[in-house]
file model_14.cif (mmCIF, C-alpha atoms)
data_input
#
loop_
_atom_site.label_atom_id
_atom_site.label_comp_id
_atom_site.auth_asym_id
_atom_site.auth_seq_id
_atom_site.Cartn_x
_atom_site.Cartn_y
_atom_site.Cartn_z
CA MET A 1 121.60 67.75 120.55
CA LYS A 2 125.08 67.00 119.24
CA SER A 3 126.23 70.49 120.13
CA PHE A 4 124.89 70.08 123.68
CA SER A 5 126.81 66.83 124.09
CA PHE A 6 129.90 68.48 122.69
CA LEU A 7 129.56 71.42 125.09
CA LEU A 8 129.08 69.02 127.96
CA PHE A 9 132.21 67.16 126.89
CA LEU A 10 134.16 70.43 126.72
CA ALA A 11 132.92 71.54 130.12
CA PHE A 12 134.00 68.30 131.77
CA GLY A 13 137.24 68.34 129.83
CA THR A 14 138.12 71.78 131.14
CA LEU A 15 137.28 70.72 134.68
CA LEU A 16 139.56 67.73 134.39
CA THR A 17 142.43 69.54 132.68
CA PRO A 18 144.98 70.98 135.11
CA SER A 19 145.38 74.73 134.99
CA THR A 20 148.71 76.29 134.08
CA GLY A 21 149.33 77.65 137.56
CA TYR A 22 148.86 74.37 139.42
CA THR A 23 150.97 71.25 139.16
CA PHE A 24 149.95 67.88 140.45
CA GLN A 25 152.18 66.09 142.87
CA HIS A 26 151.54 62.42 142.34
CA LYS A 27 152.28 59.92 145.04
CA ARG A 28 152.72 56.43 143.75
CA LEU A 29 150.56 54.05 145.71
CA ALA A 30 150.36 50.36 145.47
CA PRO A 31 147.22 49.19 143.61
CA SER A 32 145.74 47.93 146.85
CA GLN A 33 146.12 51.34 148.54
CA THR A 34 143.60 54.10 147.80
CA THR A 35 143.08 57.50 149.34
CA PRO A 36 139.76 59.23 149.91
CA ASP A 37 140.89 61.87 147.43
CA SER A 38 141.42 59.37 144.64
CA GLN A 39 138.10 57.68 145.37
CA ASN A 40 136.28 61.02 145.12
CA ARG A 41 137.96 61.81 141.81
CA ARG A 42 137.18 58.36 140.48
CA LYS A 43 133.51 58.68 141.51
CA PHE A 44 133.33 62.13 139.94
CA LEU A 45 134.74 60.82 136.66
CA GLN A 46 132.42 57.85 136.62
CA GLN A 47 129.36 59.98 137.32
CA SER A 48 130.26 62.74 134.86
CA LEU A 49 131.09 60.32 132.07
CA SER A 50 127.93 58.32 132.66
CA ILE A 51 125.88 61.53 132.52
CA ALA A 52 127.62 62.67 129.33
CA PHE A 53 127.15 59.34 127.60
CA GLY A 54 123.60 59.04 128.94
CA VAL A 55 122.66 62.39 127.42
CA GLY A 56 124.23 61.34 124.14
CA ALA A 57 122.40 58.01 124.17
CA LEU A 58 119.03 59.63 124.89
CA SER A 59 119.34 62.15 122.08
CA THR A 60 117.04 61.64 119.14
CA PRO A 61 118.50 60.61 115.82
CA ALA A 62 118.80 63.24 113.12
CA PHE A 63 116.38 62.93 110.25
CA ALA A 64 117.06 63.94 106.68
CA ALA A 65 115.71 67.30 105.65
CA GLU A 66 112.41 67.33 103.86
CA GLU A 67 112.52 67.51 100.10
CA VAL A 68 112.55 71.04 98.80
CA ALA A 69 109.56 71.77 96.63
CA LEU A 70 110.54 73.13 93.25
CA PRO A 71 108.97 76.44 92.30
CA SER A 72 106.40 76.50 89.55
CA LYS A 73 107.30 77.59 86.04
CA ALA A 74 104.99 80.59 86.38
CA THR A 75 106.81 81.76 89.53
CA VAL A 76 110.22 81.38 87.90
CA ALA A 77 109.05 83.12 84.73
CA SER A 78 107.52 86.09 86.55
CA THR A 79 110.57 86.49 88.81
CA PHE A 80 113.05 86.48 85.95
CA ASP A 81 110.74 88.59 83.76
CA ALA A 82 110.93 91.33 86.41
CA ILE A 83 114.72 91.37 86.06
CA ARG A 84 114.52 91.20 82.28
CA TYR A 85 112.12 94.18 82.35
CA GLU A 86 114.63 96.27 84.30
CA LEU A 87 117.45 95.39 81.92
CA GLU A 88 115.79 95.40 78.47
CA ASN A 89 112.54 97.38 78.56
CA PRO A 90 112.67 101.07 77.53
CA GLU A 91 110.71 101.84 80.72
CA GLY A 92 113.08 99.82 82.93
CA GLY A 93 115.70 101.12 85.32
CA VAL A 94 118.71 100.69 83.04
CA SER A 95 117.03 102.70 80.28
CA TYR A 96 116.04 105.35 82.81
CA MET A 97 119.66 105.70 83.95
CA GLN A 98 120.84 105.89 80.32
CA LYS A 99 118.35 108.70 79.64
CA ARG A 100 119.58 110.59 82.73
CA ILE A 101 123.18 110.22 81.51
CA ASP A 102 122.29 111.31 77.96
CA GLU A 103 120.43 114.36 79.30
CA GLN A 104 123.22 114.98 81.83
CA ASP A 105 120.70 115.01 84.66
CA TRP A 106 123.28 114.19 87.32
CA ALA A 107 121.06 115.00 90.31
CA GLY A 108 118.29 112.71 89.01
CA LEU A 109 120.79 109.96 88.24
CA MET A 110 122.38 110.20 91.67
CA GLU A 111 119.00 110.02 93.43
CA PHE A 112 117.93 107.06 91.31
CA THR A 113 121.09 105.03 91.94
CA LYS A 114 120.71 105.47 95.71
CA THR A 115 117.49 103.46 95.79
CA TYR A 116 117.92 101.30 92.71
CA ASP A 117 120.35 98.92 94.46
CA LEU A 118 117.60 98.03 96.91
CA GLU A 119 115.02 97.61 94.19
CA LEU A 120 117.03 95.68 91.61
CA ARG A 121 119.68 93.76 93.49
CA LYS A 122 118.07 93.00 96.82
CA LEU A 123 114.44 92.74 95.81
CA ARG A 124 114.35 91.36 92.28
CA MET A 125 117.69 89.58 92.01
CA GLY A 126 117.35 88.30 95.59
CA LYS A 127 114.02 86.65 94.78
CA ALA A 128 115.48 85.07 91.67
CA LYS A 129 118.51 83.79 93.57
CA LYS A 130 116.27 82.03 96.09
CA LEU A 131 114.67 80.07 93.27
CA LEU A 132 117.98 78.68 92.04
CA GLN A 133 118.70 75.10 93.06
CA SER A 134 122.44 74.65 92.47
CA LYS A 135 125.01 76.07 94.89
CA GLU A 136 127.37 76.94 92.02
CA ILE A 137 124.67 78.84 90.16
CA LYS A 138 123.73 80.69 93.35
CA GLU A 139 127.38 81.74 93.74
CA THR A 140 127.39 83.02 90.16
CA ALA A 141 124.19 84.95 90.86
CA THR A 142 125.80 86.46 93.95
CA GLY A 143 128.69 87.60 91.73
CA TYR A 144 126.23 89.27 89.36
CA ALA A 145 124.44 90.96 92.25
CA ASN A 146 127.73 92.27 93.61
CA ALA A 147 128.66 93.56 90.15
CA VAL A 148 125.35 95.47 90.03
CA THR A 149 126.17 97.09 93.36
CA PHE A 150 129.64 98.15 92.26
CA ASP A 151 128.33 99.48 88.95
CA LEU A 152 125.72 101.55 90.76
CA ILE A 153 128.37 102.88 93.13
CA GLY A 154 130.49 103.88 90.12
CA ILE A 155 127.55 105.55 88.41
CA ASN A 156 126.68 107.39 91.61
CA ARG A 157 130.28 108.52 92.09
CA ASN A 158 130.48 109.85 88.54
CA SER A 159 127.23 111.79 88.90
CA ARG A 160 128.26 113.75 92.00
CA LYS A 161 128.52 117.51 91.76
CA GLY A 162 131.94 118.47 90.47
CA GLN A 163 132.71 114.89 89.42
CA GLU A 164 130.22 114.54 86.57
CA ASN A 165 131.63 112.24 83.91
CA GLN A 166 129.40 111.06 81.10
CA GLU A 167 131.81 108.39 79.81
CA ASN A 168 132.40 106.73 83.18
CA ALA A 169 128.79 107.02 84.34
#
call {"tool": "encode", "arguments": {"input": "model_14.cif", "output": "structure tokens"}}
result
Amino acid sequence: MKSFSFLLFLAFGTLLTPSTGYTFQHKRLAPSQTTPDSQNRRKFLQQSLSIAFGVGALSTPAFAAEEVALPSKATVASTFDAIRYELENPEGGVSYMQKRIDEQDWAGLMEFTKTYDLELRKLRMGKAKKLLQSKEIKETATGYANAVTFDLIGINRNSRKGQENQENA
């Protein structure tokens, strides 16, 4: 509702602001003298301001956001265990990529890295990031997720045909 009031204020402000191509020619009148033009402008201002303030007065007050429910320990454990599996388990994705590099299976490594960003960073790390409560920790997690993306891009680049490099992959 605040944004509506603000937009209304801006709309009336632009109507009342003189354009750059038009200049006002003011005639000084004694306070007792009024012209129909000045009465119309005065009425317009009074009506528009009363509408703007009326809308603002009728708006409902903002309420505080509901408390965020903390995730259960089981949810947190299973979410982070999925990431830990990918990183540490011999059957996880990191071990799979290391095996492809050791065997110099560049085509298999390149195919794997194309889809692994979606699986590891967006799916698993994304779920874990949503469970974090602190803004600073979420920013750190975003940094880690970005690092995963760049590492996968580097691995993919070094596994392309003609650019195979075991040390850099």
call {"tool": "resolve_selection", "arguments": {"input": "model_14.cif", "expression": "the PyMOL selection byres ((chain A and resi 79-84) around 12)", "output": "ChimeraX atom specification"}}
result
/A:71-78,85-95,119-132,145
call {"tool": "atom_distance", "arguments": {"input": "model_14.cif", "atom1": "CA of Met110 (chain A)", "atom2": "CA of Gly154 (chain A)"}}
result
10.4 Å
call {"tool": "resolve_selection", "arguments": {"input": "model_14.cif", "expression": "the PyMOL selection byres ((chain A and resi 114) around 12)", "output": "list in words"}}
result
Met97, Ala107, Gly108, Leu109, Met110, Glu111, Phe112, Thr113, Thr115, Tyr116, Asp117, Leu118, Glu119, Leu120, Arg121, Thr149, Asp151, Leu152, Ile153, Gly154, Ile155, Asn156, Arg157, Ser159 and Arg160 of chain A
call {"tool": "write_last_selection", "arguments": {"input": "model_14.cif", "atoms": "C-alpha atoms", "output": "short mmCIF file (atom, residue, chain, number, x, y, z; two decimals), in the frame of the given file"}}
result
data_model
loop_
_atom_site.label_atom_id
_atom_site.label_comp_id
_atom_site.auth_asym_id
_atom_site.auth_seq_id
_atom_site.Cartn_x
_atom_site.Cartn_y
_atom_site.Cartn_z
CA MET A 97 119.66 105.70 83.95
CA ALA A 107 121.06 115.00 90.31
CA GLY A 108 118.29 112.71 89.01
CA LEU A 109 120.79 109.96 88.24
CA MET A 110 122.38 110.20 91.67
CA GLU A 111 119.00 110.02 93.43
CA PHE A 112 117.93 107.06 91.31
CA THR A 113 121.09 105.03 91.94
CA THR A 115 117.49 103.46 95.79
CA TYR A 116 117.92 101.30 92.71
CA ASP A 117 120.35 98.92 94.46
CA LEU A 118 117.60 98.03 96.91
CA GLU A 119 115.02 97.61 94.19
CA LEU A 120 117.03 95.68 91.61
CA ARG A 121 119.68 93.76 93.49
CA THR A 149 126.17 97.09 93.36
CA ASP A 151 128.33 99.48 88.95
CA LEU A 152 125.72 101.55 90.76
CA ILE A 153 128.37 102.88 93.13
CA GLY A 154 130.49 103.88 90.12
CA ILE A 155 127.55 105.55 88.41
CA ASN A 156 126.68 107.39 91.61
CA ARG A 157 130.28 108.52 92.09
CA SER A 159 127.23 111.79 88.90
CA ARG A 160 128.26 113.75 92.00
#
call {"tool": "atom_distance", "arguments": {"input": "model_14.cif", "atom1": "CA of Ala147 (chain A)", "atom2": "CA of Tyr96 (chain A)"}}
result
18.8 Å
call {"tool": "atom_distance", "arguments": {"input": "model_14.cif", "atom1": "CA of Arg100 (chain A)", "atom2": "CA of Gly162 (chain A)"}}
result
16.6 Å
